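Trainee: Just passing along the structure, written as structure tokens.
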Amino acid sequence: MRDRIANAIAAYSAQGIHRTGTDIDRASAHWLANEVETIGLIPALFNFEFDRFVYEPANIKIGNTVIEGIPCYDCLPQRSTISGHLGTPDGDGDIVLVTDQSREKLNELRNNSCCIALVLVKPAHMPADGIALLNAEQFRNPMGIPVLQVSNEQGALLQQLSSVCNEATLSISTSTETATGINVGTKIVGREPELAPLVVMTPRSSWWRSASERGGGIAGWLEIMRLLHARGSDRDVIFTANTGHELGHTGYDYFVAEHPDLESAAHAWLDLGANFAAKDGEVRLQYSDDEIQMLAQTAANIAGVREYDEVLGHRPGGEARAVYDAGGRYLSILGGNPLFHHPADVWPEAVDLDKTARCCDMLNAVAVTMSSA
């Protein structure tokens with residue numbers, strides 16, 4: 001199993017940048033469908049159309065220094081050249097330099113009419129070369145003023161320049177185009193199909209190569225599929241790997257629209273979320289109830305997953321939050337990642353393969369129990 005996990009993550013990482021609706025995203029969907037077929041199941045590709053965000057090179061200029069960045073994908077489409085004073089959230093700037101990464105703070109500033117644009121500096125602990133992009137939570141309802149994301153290295157330079165000359169010009173040009181997203185799925189028919197089904201899901205899209213962010217979930221998804229196909233299941237097991245994670249969970253919402261009431265009617269959801277494959281990142285287990293918590297704790301102990309954070313009875317992170325909102329049952333696995341959303345998250349450097357294999361052992365055991373009557 002360890003070699004299969006390594007091969008799956010390596011293949012995913014090698015494909016390139018996995019942004020939803022791109023050529024690489026579509027090719028990755030067909031690769032994953034082929035992996036499903038290799039296991040012996042019939043893959044299904046579920047296409048949906050959406051308006052893909054497109055941007056031209058964007059930058060901020062202070063004096064003769066031009067700093068490149070990437071716009072937030074949930075800003076309103078626009079073609080703008082904005083000039084003003086560069087400042088901080090506590091100052092008087094028109095273009096505000098933001099280092100606080102909290103979603104609440106950022107949204108507050110985005111809706112603050114005193115600002116005309118924001119420049120978001122990525123966390124200082126990230127590698128200097130590259131931008132750790134923010135998920136577009138408002139993708140289908142774009143909001144607020146322009147936001148340009150820059151690396152921490154460029155952010156430090158901006159802070160230095162602003163103390164000398166705070167006149168800045170931000171250039172940004174964005175639009176949308178019709179594109180196709182693809183969810184990949186399959187189904188194992190249970191011996192007792194009248195039982196409520198188990199759903200095993202994982203996101204499959206991301207900002208960059210995302211070996212440790214997404215690779216563990218994809219590899220684990222395939223391992224559960226392989227195991228349950230070989231041993232059989234009492235109940236139906238529905239597998240879905242959804243694109244659009246970075247765009248406000250667009251693919252997940254499409255999947256749920258095609259399966260009404262499944263969030264609450266399923267026996268349980270097994271959500272293979274982000275980062276549990278990451279090197280130097282903690283594992284977090286999220287549960288809907290005490291019974292699933294006990295099941296997961298027992299499986300984790302046997303598999304050798306010794307250290308993990310737990311969330312019980314609170315709204316979880318990731319796609320499982322929608323299951324929580326609908327009153328459904330779930331086990332969700334996530335993790336911390338020092339390279340979260342950063343282009344340096346690549347195979348093999350960013351991945352802890354031993355930890356990933358232990359987590360997959362745990363998930364396999366949970367899936368066997370959840371799929372049983």
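Please note that chains go A, B, ... in the order of the structure tokens, that every chain numbers its residues from 1, and that ligands are numbered from 1 in the order shown.
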Within 9 Å of range 216-231 of chain A, which residues of range 271-345 of chain A come that close, and what is the closest atom pair and distance in Å for each? Count only C-alpha atoms and give it as a Markdown table.

Mentor:
```
| residue | atom | partner | partner_atom | distance |
| --- | --- | --- | --- | --- |
| A:Asp271 | CA | A:Gly217 | CA | 8.5 |
| A:Leu272 | CA | A:Gly217 | CA | 4.8 |
| A:Gly273 | CA | A:Gly217 | CA | 5.9 |
| A:Ala274 | CA | A:Gly217 | CA | 6.8 |
| A:Asn275 | CA | A:Gly216 | CA | 7.1 |
| A:Phe276 | CA | A:Gly216 | CA | 6.4 |
| A:Ala277 | CA | A:Gly216 | CA | 5.0 |
| A:Ala278 | CA | A:Gly216 | CA | 8.3 |
| A:Ile333 | CA | A:Gly217 | CA | 8.8 |
```

Trainee: I want to know what sits within 6 Å of range 21-33 of chain A, based on only C-alpha atoms, with residues of the same chain fewer than 5 positions away left out; could you give that as a list in words?

Mentor: Pro43, Ala179, Thr180 and Gly181 of chain A

Trainee: With N, CA and C atoms retained, could you export that selection as a compact mmCIF listing (two decimals), in the first residue's frame?

Mentor:
```txt
# COMPACT_ATOMS: atom_id res chain seq x y z
N PRO A 43 -15.71 4.12 -13.66
CA PRO A 43 -15.68 5.54 -13.26
C PRO A 43 -16.77 6.33 -13.96
N ALA A 179 -16.07 27.71 -18.62
CA ALA A 179 -15.18 26.56 -18.53
C ALA A 179 -15.95 25.37 -18.00
N THR A 180 -15.32 24.20 -18.05
CA THR A 180 -15.94 22.97 -17.59
C THR A 180 -15.16 22.40 -16.40
N GLY A 181 -15.87 22.14 -15.32
CA GLY A 181 -15.32 21.42 -14.20
C GLY A 181 -15.75 19.97 -14.25
```

Trainee: If you measure from CA of Ala299 in chain A to CA of Leu363 in chain A, what distance in Å do you get, rounded to one decimal?

Mentor: 7.6 Å

Trainee: Write out as a list in words all residues of range 250-323 of chain A that DSSP puts in strand (DSSP E) for this structure's backbone.

Mentor: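 Put together, the selection reads Ala268, Trp269, Leu270, Asp271, Leu272, Val283, Arg284, Leu285, Gln286, Tyr287, Tyr308, Asp309, Glu310, Val311 and Leu312 of chain A.
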
Trainee: Counting only C-alpha atoms, figure out which residue out of A:Ala14, A:Ile145, A:Val237, A:Ala373 gets nearest to Pro77 in chain A.

Mentor: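 Of all the options, A:Ile145 lies closest to Pro77 in chain A.
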
Trainee: I need the residues in range 75-154 of chain A that are helix (DSSP H, G or I) according to DSSP; give them as a PDB file with C-alpha atoms, in the first residue's frame.

Mentor:
```
ATOM      1  CA  ARG A 103     -10.798  35.786   6.909  1.00  0.00           C
ATOM      2  CA  GLU A 104     -12.920  38.019   9.143  1.00  0.00           C
ATOM      3  CA  LYS A 105     -10.387  40.845   9.116  1.00  0.00           C
ATOM      4  CA  LEU A 106      -9.853  40.636   5.395  1.00  0.00           C
ATOM      5  CA  ASN A 107     -13.571  40.639   4.578  1.00  0.00           C
ATOM      6  CA  GLU A 108     -14.071  43.602   6.886  1.00  0.00           C
ATOM      7  CA  LEU A 109     -11.451  45.547   4.945  1.00  0.00           C
ATOM      8  CA  ARG A 110     -12.775  44.401   1.577  1.00  0.00           C
ATOM      9  CA  ASN A 152       6.136  37.559   1.984  1.00  0.00           C
ATOM     10  CA  GLU A 153       9.435  38.630   0.428  1.00  0.00           C
ATOM     11  CA  GLN A 154       7.688  41.186  -1.778  1.00  0.00           C
TER      12      GLN A 154
END
```

Trainee: Write out as a PyMOL selection string the residues lying within 10 Å of Tyr252 in chain A, counting only C-alpha atoms and excluding same-chain residues fewer than 5 positions away.

Mentor: chain A and resi 183+201-203+240-245+257-258+319+322

Trainee: So that I have them on file, write out the residues from the current selection with C-alpha atoms, as an mmCIF file, in the first residue's frame.

Mentor:
```cif
data_model
loop_
_atom_site.group_PDB
_atom_site.id
_atom_site.type_symbol
_atom_site.label_atom_id
_atom_site.label_comp_id
_atom_site.auth_asym_id
_atom_site.auth_seq_id
_atom_site.Cartn_x
_atom_site.Cartn_y
_atom_site.Cartn_z
ATOM 1 C CA ASN A 183 -16.124 15.598 -10.644
ATOM 2 C CA MET A 201 -15.257 12.146 -0.771
ATOM 3 C CA THR A 202 -12.117 14.151 -1.369
ATOM 4 C CA PRO A 203 -11.376 17.410 -3.189
ATOM 5 C CA THR A 240 -16.761 11.393 -5.286
ATOM 6 C CA ALA A 241 -13.604 13.422 -5.962
ATOM 7 C CA ASN A 242 -14.693 16.978 -6.583
ATOM 8 C CA THR A 243 -13.050 19.823 -8.394
ATOM 9 C CA GLY A 244 -13.637 23.457 -7.413
ATOM 10 C CA HIS A 245 -12.390 23.191 -3.824
ATOM 11 C CA ALA A 257 -27.308 19.294 -6.176
ATOM 12 C CA GLU A 258 -27.215 16.047 -8.154
ATOM 13 C CA GLU A 319 -16.371 20.390 2.766
ATOM 14 C CA ALA A 322 -21.831 21.564 4.661
#
```

Trainee: For Gly317 in chain A, which of A:His249, A:Arg79, A:Arg209, A:Arg52 is the closest residue, counting only C-alpha atoms?

Mentor: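 Once distances to Gly317 in chain A are computed over only C-alpha atoms, the minimum belongs to A:His249.
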
Trainee: Extract, using only C-alpha atoms, all DNA, RNA and protein residues at most 6 Å from Thr169 in chain A, discarding same-chain residues fewer than 6 positions from it, and format them as a PyMOL selection string.

Mentor: chain A and resi 60-61+82-83

Trainee: Generate the output file for the selected residues, N, CA and C atoms, as a compact mmCIF listing (two decimals), in the first residue's frame.

Mentor:
```txt
# COMPACT_ATOMS: atom_id res chain seq x y z
N ILE A 60 1.78 45.99 -8.41
CA ILE A 60 1.74 47.27 -7.72
C ILE A 60 3.10 47.94 -7.93
N LYS A 61 3.07 49.22 -8.21
CA LYS A 61 4.28 49.96 -8.52
C LYS A 61 4.46 51.09 -7.52
N ILE A 82 -5.22 51.79 -10.31
CA ILE A 82 -5.61 52.53 -9.11
C ILE A 82 -4.37 53.19 -8.52
N SER A 83 -4.45 54.47 -8.30
CA SER A 83 -3.34 55.21 -7.67
C SER A 83 -3.80 55.76 -6.33
```

Trainee: Tell me which of A:Gly87, A:Asn364, A:Leu158, A:Val54 sits closest to Val200 in chain A, counting only C-alpha atoms.

Mentor: A:Asn364

Trainee: Out of A:Leu247, A:Val121, A:Ala196, A:Asn64, which residue has the shortest atom-to-atom distance to Pro142 in chain A when counting only C-alpha atoms?

Mentor: A:Leu247

Trainee: I'd like to know which of A:Tyr73, A:Tyr308, A:Trp269, A:Phe255 is closest to Gly281 in chain A, using only C-alpha atoms.

Mentor: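 Distance minimum relative to Gly281 in chain A lands on A:Tyr308.
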
Trainee: From the options A:His341, A:His267, A:Arg306, A:His18, which residue's atoms come nearest to Arg284 in chain A, counting only C-alpha atoms?

Mentor: A:Arg306
